[in-house]
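Q: One structure, pasted below without further comment.
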Amino acid sequence: MTVIAMTHEIGTHGRQIASELAVRLGIDFADDQFLERRIADRLMHGKGRVGTWGQQARNVDDWTLARRATDEIMELSAYGNVLIRGWGAASLLRGKAHVIRVRVCAPASFRLRVLAERYPAQDDAALRWLIKHSDACLASNLEPVLGPDWQSDDLYHLKIDAQEMPVSSSVDVLERWIEARTRIMVEPQSGMHPY
């Protein structure tokens with residue numbers, strides 16, 4: 001059973017790395033859109049409503065949304081064979097031995113270049129604000145669970161520096177490491193009975 005919880009900073013190609021890794025491993029990819037659809041479906045069907053996620057989101061308070069997201073992440077991790085990107089999954093699932101926690105990061109200068117390519121109409125000041133705002137949101141989600149040292153390498157099984165490795169190399173490294181770790185977790189120790 002493969003469960004990967006990935007955290008990434010904006011401007012690190014984390015979304016692309018996550019989606020390509022999920023395809024390579026043949027597992028489900030639970031990103032923000034996937035989780036939003038699941039939450040909306042449960043909210044709408046649970047109360048006999050129909051509509052879109054946007055219509056439902058306006059009617060949901062932050063606490064309810066966070067609780068629903070937590071429930072979805074815990075359920076997905078129990079089923080297995082899924083890569084959960086974002087939503088604080090790495091912190092929520094850190095006590096689960098079967099969950100592989102990955103962090104994708106990069107220096108600010110690299111992230112600024114990536115965002116400048118993605119949003120060419122924006123000036124440097126706007127892009128720096130976007131990085132600062134996104135990092136503050138990420139910290140506010142992770143610090144309550146992981147503490148102020150949430151960026152520590154000790155909290156993750158793997159850390160990918162997007163500046164050091166292009167997307168394809170990052171996916172290669174993650175795929176090999178995860179397959180090796182998964183094999184070790186399911187194979188019995190040599191000389192021991194498997195029962």
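Within each chain, counting starts at residue 1; across the structure tokens, chains are named A, B, ... in the order shown, with ligands numbered 1 upward in that order.
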Stretch 159-170 of chain A: which residues within 6 Å, counting only C-alpha atoms, same-chain residues fewer than 3 positions away excluded, as a VMD selection string?

A: chain A and resid 12 17 102 to 106 173

Q: Using only C-alpha atoms, I'd like a table of the residues in stretch 66-106 of chain A that come within 10 Å of stretch 126-143 of chain A; for each, show the closest atom pair and its distance in Å rounded to one decimal, ordered by chain and ascending number, as a Markdown table.

A:
```
| residue | atom | partner | partner_atom | distance |
| --- | --- | --- | --- | --- |
| A:Gly86 | CA | A:Leu138 | CA | 9.0 |
| A:Trp87 | CA | A:Asn141 | CA | 7.9 |
| A:Gly88 | CA | A:Asn141 | CA | 6.2 |
| A:Ala89 | CA | A:Leu142 | CA | 9.3 |
| A:Ala90 | CA | A:Leu142 | CA | 8.5 |
| A:Ser91 | CA | A:Leu142 | CA | 6.3 |
| A:Leu92 | CA | A:Leu142 | CA | 8.8 |
```

Q: Return the single residue from A:Ile100, A:Ala125, A:Val3, A:Leu21 that is closest to A:Gly80, with distances computed using only C-alpha atoms.

A: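 Among A:Ile100, A:Ala125, A:Val3, A:Leu21, it is A:Val3 that comes nearest to A:Gly80.
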
Q: Per DSSP on the backbone, filter stretch 1-186 of chain A down to the residues in strand (DSSP E or B) and report them as a list of chain:residue names.

A: A:Val3, A:Ile4, A:Ala5, A:Met6, A:Thr7, A:His8, A:Asp28, A:Phe29, A:Ala30, A:Val82, A:Leu83, A:Ile84, A:Arg85, A:Val99, A:Ile100, A:Arg101, A:Val102, A:Arg103, A:Val104, A:Cys105, A:Leu158, A:Lys159, A:Ile160, A:Asp161

Q: Using the selection just defined, write its residues with N, CA, C and O atoms as a compact mmCIF listing (two decimals), in the first residue's frame.

A:
```txt
# COMPACT_ATOMS: atom_id res chain seq x y z
N VAL A 3 1.20 5.25 0.19
CA VAL A 3 0.56 6.53 0.52
C VAL A 3 1.68 7.57 0.62
O VAL A 3 2.61 7.40 1.40
N ILE A 4 1.57 8.60 -0.19
CA ILE A 4 2.57 9.67 -0.20
C ILE A 4 1.85 10.97 0.16
O ILE A 4 0.81 11.29 -0.41
N ALA A 5 2.41 11.69 1.11
CA ALA A 5 1.88 13.00 1.48
C ALA A 5 2.95 14.02 1.11
O ALA A 5 4.07 13.98 1.63
N MET A 6 2.64 14.89 0.17
CA MET A 6 3.63 15.83 -0.35
C MET A 6 3.27 17.27 -0.02
O MET A 6 2.14 17.71 -0.23
N THR A 7 4.26 17.97 0.50
CA THR A 7 4.17 19.40 0.76
C THR A 7 5.12 20.09 -0.20
O THR A 7 6.23 19.59 -0.43
N HIS A 8 4.70 21.21 -0.76
CA HIS A 8 5.62 21.95 -1.62
C HIS A 8 5.36 23.43 -1.52
O HIS A 8 4.27 23.87 -1.17
N ASP A 28 -3.59 6.95 -7.30
CA ASP A 28 -4.47 8.12 -7.41
C ASP A 28 -3.72 9.38 -7.01
O ASP A 28 -2.82 9.35 -6.18
N PHE A 29 -4.15 10.49 -7.59
CA PHE A 29 -3.56 11.79 -7.29
C PHE A 29 -4.62 12.68 -6.66
O PHE A 29 -5.58 13.07 -7.30
N ALA A 30 -4.45 12.95 -5.37
CA ALA A 30 -5.42 13.76 -4.64
C ALA A 30 -4.83 15.15 -4.42
O ALA A 30 -4.09 15.37 -3.47
N VAL A 82 -2.29 6.24 -3.03
CA VAL A 82 -2.67 7.61 -3.32
C VAL A 82 -1.51 8.54 -2.98
O VAL A 82 -0.74 8.29 -2.06
N LEU A 83 -1.39 9.60 -3.76
CA LEU A 83 -0.47 10.70 -3.45
C LEU A 83 -1.36 11.88 -3.11
O LEU A 83 -2.17 12.32 -3.92
N ILE A 84 -1.23 12.38 -1.87
CA ILE A 84 -2.03 13.51 -1.41
C ILE A 84 -1.12 14.73 -1.40
O ILE A 84 -0.13 14.77 -0.68
N ARG A 85 -1.46 15.71 -2.23
CA ARG A 85 -0.63 16.91 -2.34
C ARG A 85 -1.31 18.07 -1.62
O ARG A 85 -2.45 18.43 -1.89
N VAL A 99 2.95 5.98 5.70
CA VAL A 99 2.89 7.19 4.87
C VAL A 99 4.29 7.74 4.63
O VAL A 99 5.06 7.95 5.56
N ILE A 100 4.61 7.98 3.37
CA ILE A 100 5.89 8.58 2.98
C ILE A 100 5.66 10.09 2.86
O ILE A 100 4.82 10.53 2.08
N ARG A 101 6.42 10.86 3.61
CA ARG A 101 6.28 12.32 3.62
C ARG A 101 7.41 12.94 2.79
O ARG A 101 8.58 12.69 3.05
N VAL A 102 7.01 13.77 1.83
CA VAL A 102 7.95 14.40 0.91
C VAL A 102 7.75 15.91 0.94
O VAL A 102 6.62 16.40 0.99
N ARG A 103 8.87 16.62 0.90
CA ARG A 103 8.82 18.09 0.82
C ARG A 103 9.60 18.53 -0.41
O ARG A 103 10.74 18.12 -0.62
N VAL A 104 8.97 19.37 -1.23
CA VAL A 104 9.63 19.95 -2.40
C VAL A 104 9.82 21.43 -2.10
O VAL A 104 8.88 22.14 -1.77
N CYS A 105 11.06 21.89 -2.19
CA CYS A 105 11.38 23.28 -1.87
C CYS A 105 12.44 23.79 -2.85
O CYS A 105 12.94 23.05 -3.69
N LEU A 158 11.83 12.40 2.55
CA LEU A 158 12.60 12.91 1.41
C LEU A 158 12.38 14.39 1.24
O LEU A 158 11.25 14.88 1.41
N LYS A 159 13.44 15.09 0.87
CA LYS A 159 13.34 16.51 0.54
C LYS A 159 13.96 16.69 -0.84
O LYS A 159 15.08 16.24 -1.08
N ILE A 160 13.22 17.31 -1.71
CA ILE A 160 13.68 17.58 -3.07
C ILE A 160 13.92 19.07 -3.22
O ILE A 160 13.02 19.87 -2.95
N ASP A 161 15.12 19.45 -3.64
CA ASP A 161 15.43 20.84 -3.95
C ASP A 161 15.21 21.01 -5.45
O ASP A 161 16.00 20.50 -6.26
```

Q: Where in stretch 19-49 of chain A does DSSP assign alpha helix (DSSP H), given as a PyMOL selection string?

A: chain A and resi 19-25+32-46

Q: Any chance you can output those residues with N, CA and C atoms as a PDB file, in the first residue's frame?

A:
```pdb
ATOM      1  N   SER A  19       1.975  15.149  -9.747  1.00  0.00           N
ATOM      2  CA  SER A  19       1.084  14.498 -10.720  1.00  0.00           C
ATOM      3  C   SER A  19       1.841  13.481 -11.570  1.00  0.00           C
ATOM      4  N   GLU A  20       3.069  13.807 -11.984  1.00  0.00           N
ATOM      5  CA  GLU A  20       3.854  12.859 -12.782  1.00  0.00           C
ATOM      6  C   GLU A  20       4.252  11.635 -11.956  1.00  0.00           C
ATOM      7  N   LEU A  21       4.570  11.836 -10.687  1.00  0.00           N
ATOM      8  CA  LEU A  21       4.930  10.712  -9.827  1.00  0.00           C
ATOM      9  C   LEU A  21       3.735   9.777  -9.635  1.00  0.00           C
ATOM     10  N   ALA A  22       2.557  10.331  -9.416  1.00  0.00           N
ATOM     11  CA  ALA A  22       1.356   9.511  -9.247  1.00  0.00           C
ATOM     12  C   ALA A  22       1.092   8.675 -10.493  1.00  0.00           C
ATOM     13  N   VAL A  23       1.268   9.265 -11.679  1.00  0.00           N
ATOM     14  CA  VAL A  23       1.059   8.529 -12.929  1.00  0.00           C
ATOM     15  C   VAL A  23       2.076   7.397 -13.027  1.00  0.00           C
ATOM     16  N   ARG A  24       3.333   7.690 -12.756  1.00  0.00           N
ATOM     17  CA  ARG A  24       4.382   6.670 -12.847  1.00  0.00           C
ATOM     18  C   ARG A  24       4.151   5.504 -11.895  1.00  0.00           C
ATOM     19  N   LEU A  25       3.691   5.821 -10.690  1.00  0.00           N
ATOM     20  CA  LEU A  25       3.471   4.772  -9.691  1.00  0.00           C
ATOM     21  C   LEU A  25       2.124   4.076  -9.871  1.00  0.00           C
ATOM     22  N   ASP A  32      -5.692  19.578  -4.603  1.00  0.00           N
ATOM     23  CA  ASP A  32      -6.727  20.429  -4.029  1.00  0.00           C
ATOM     24  C   ASP A  32      -8.058  20.294  -4.772  1.00  0.00           C
ATOM     25  N   GLN A  33      -8.025  20.188  -6.089  1.00  0.00           N
ATOM     26  CA  GLN A  33      -9.271  20.068  -6.851  1.00  0.00           C
ATOM     27  C   GLN A  33      -9.983  18.751  -6.547  1.00  0.00           C
ATOM     28  N   PHE A  34      -9.211  17.666  -6.442  1.00  0.00           N
ATOM     29  CA  PHE A  34      -9.770  16.358  -6.125  1.00  0.00           C
ATOM     30  C   PHE A  34     -10.444  16.379  -4.752  1.00  0.00           C
ATOM     31  N   LEU A  35      -9.743  16.933  -3.753  1.00  0.00           N
ATOM     32  CA  LEU A  35     -10.301  16.991  -2.400  1.00  0.00           C
ATOM     33  C   LEU A  35     -11.511  17.920  -2.333  1.00  0.00           C
ATOM     34  N   GLU A  36     -11.445  19.048  -3.035  1.00  0.00           N
ATOM     35  CA  GLU A  36     -12.584  19.968  -3.048  1.00  0.00           C
ATOM     36  C   GLU A  36     -13.829  19.297  -3.626  1.00  0.00           C
ATOM     37  N   ARG A  37     -13.641  18.517  -4.707  1.00  0.00           N
ATOM     38  CA  ARG A  37     -14.782  17.811  -5.301  1.00  0.00           C
ATOM     39  C   ARG A  37     -15.370  16.788  -4.334  1.00  0.00           C
ATOM     40  N   ARG A  38     -14.501  16.036  -3.646  1.00  0.00           N
ATOM     41  CA  ARG A  38     -14.980  15.033  -2.675  1.00  0.00           C
ATOM     42  C   ARG A  38     -15.748  15.705  -1.536  1.00  0.00           C
ATOM     43  N   ILE A  39     -15.198  16.800  -1.026  1.00  0.00           N
ATOM     44  CA  ILE A  39     -15.866  17.508   0.069  1.00  0.00           C
ATOM     45  C   ILE A  39     -17.203  18.064  -0.403  1.00  0.00           C
ATOM     46  N   ALA A  40     -17.201  18.687  -1.581  1.00  0.00           N
ATOM     47  CA  ALA A  40     -18.448  19.259  -2.114  1.00  0.00           C
ATOM     48  C   ALA A  40     -19.494  18.180  -2.337  1.00  0.00           C
ATOM     49  N   ASP A  41     -19.066  17.035  -2.895  1.00  0.00           N
ATOM     50  CA  ASP A  41     -20.009  15.939  -3.118  1.00  0.00           C
ATOM     51  C   ASP A  41     -20.653  15.496  -1.808  1.00  0.00           C
ATOM     52  N   ARG A  42     -19.844  15.361  -0.777  1.00  0.00           N
ATOM     53  CA  ARG A  42     -20.385  14.918   0.515  1.00  0.00           C
ATOM     54  C   ARG A  42     -21.304  15.976   1.127  1.00  0.00           C
ATOM     55  N   LEU A  43     -20.916  17.242   1.001  1.00  0.00           N
ATOM     56  CA  LEU A  43     -21.761  18.301   1.539  1.00  0.00           C
ATOM     57  C   LEU A  43     -23.088  18.385   0.792  1.00  0.00           C
ATOM     58  N   MET A  44     -23.024  18.277  -0.532  1.00  0.00           N
ATOM     59  CA  MET A  44     -24.243  18.409  -1.328  1.00  0.00           C
ATOM     60  C   MET A  44     -25.148  17.199  -1.185  1.00  0.00           C
ATOM     61  N   HIS A  45     -24.566  16.008  -1.236  1.00  0.00           N
ATOM     62  CA  HIS A  45     -25.383  14.802  -1.145  1.00  0.00           C
ATOM     63  C   HIS A  45     -25.874  14.561   0.277  1.00  0.00           C
ATOM     64  N   GLY A  46     -25.059  14.960   1.234  1.00  0.00           N
ATOM     65  CA  GLY A  46     -25.448  14.771   2.630  1.00  0.00           C
ATOM     66  C   GLY A  46     -26.668  15.580   3.017  1.00  0.00           C
TER      67      GLY A  46
END
```

Q: Could you tell me how far atom CA of A:Ala69 sits from atom CA of A:Val171, in Å to one decimal place?

A: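 That distance, rounded to one decimal, is 26.3 Å.
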
Q: Quote the spacing between atom CA of A:Ile27 and atom CA of A:Leu76 in Å to one decimal place.

A: 11.5 Å

Q: Find the distance between atom CA of A:Tyr119 and atom CA of A:Ile10 and write it in Å to one decimal.

A: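 Going from atom CA of A:Tyr119 over to atom CA of A:Ile10, I get 12.5 Å.
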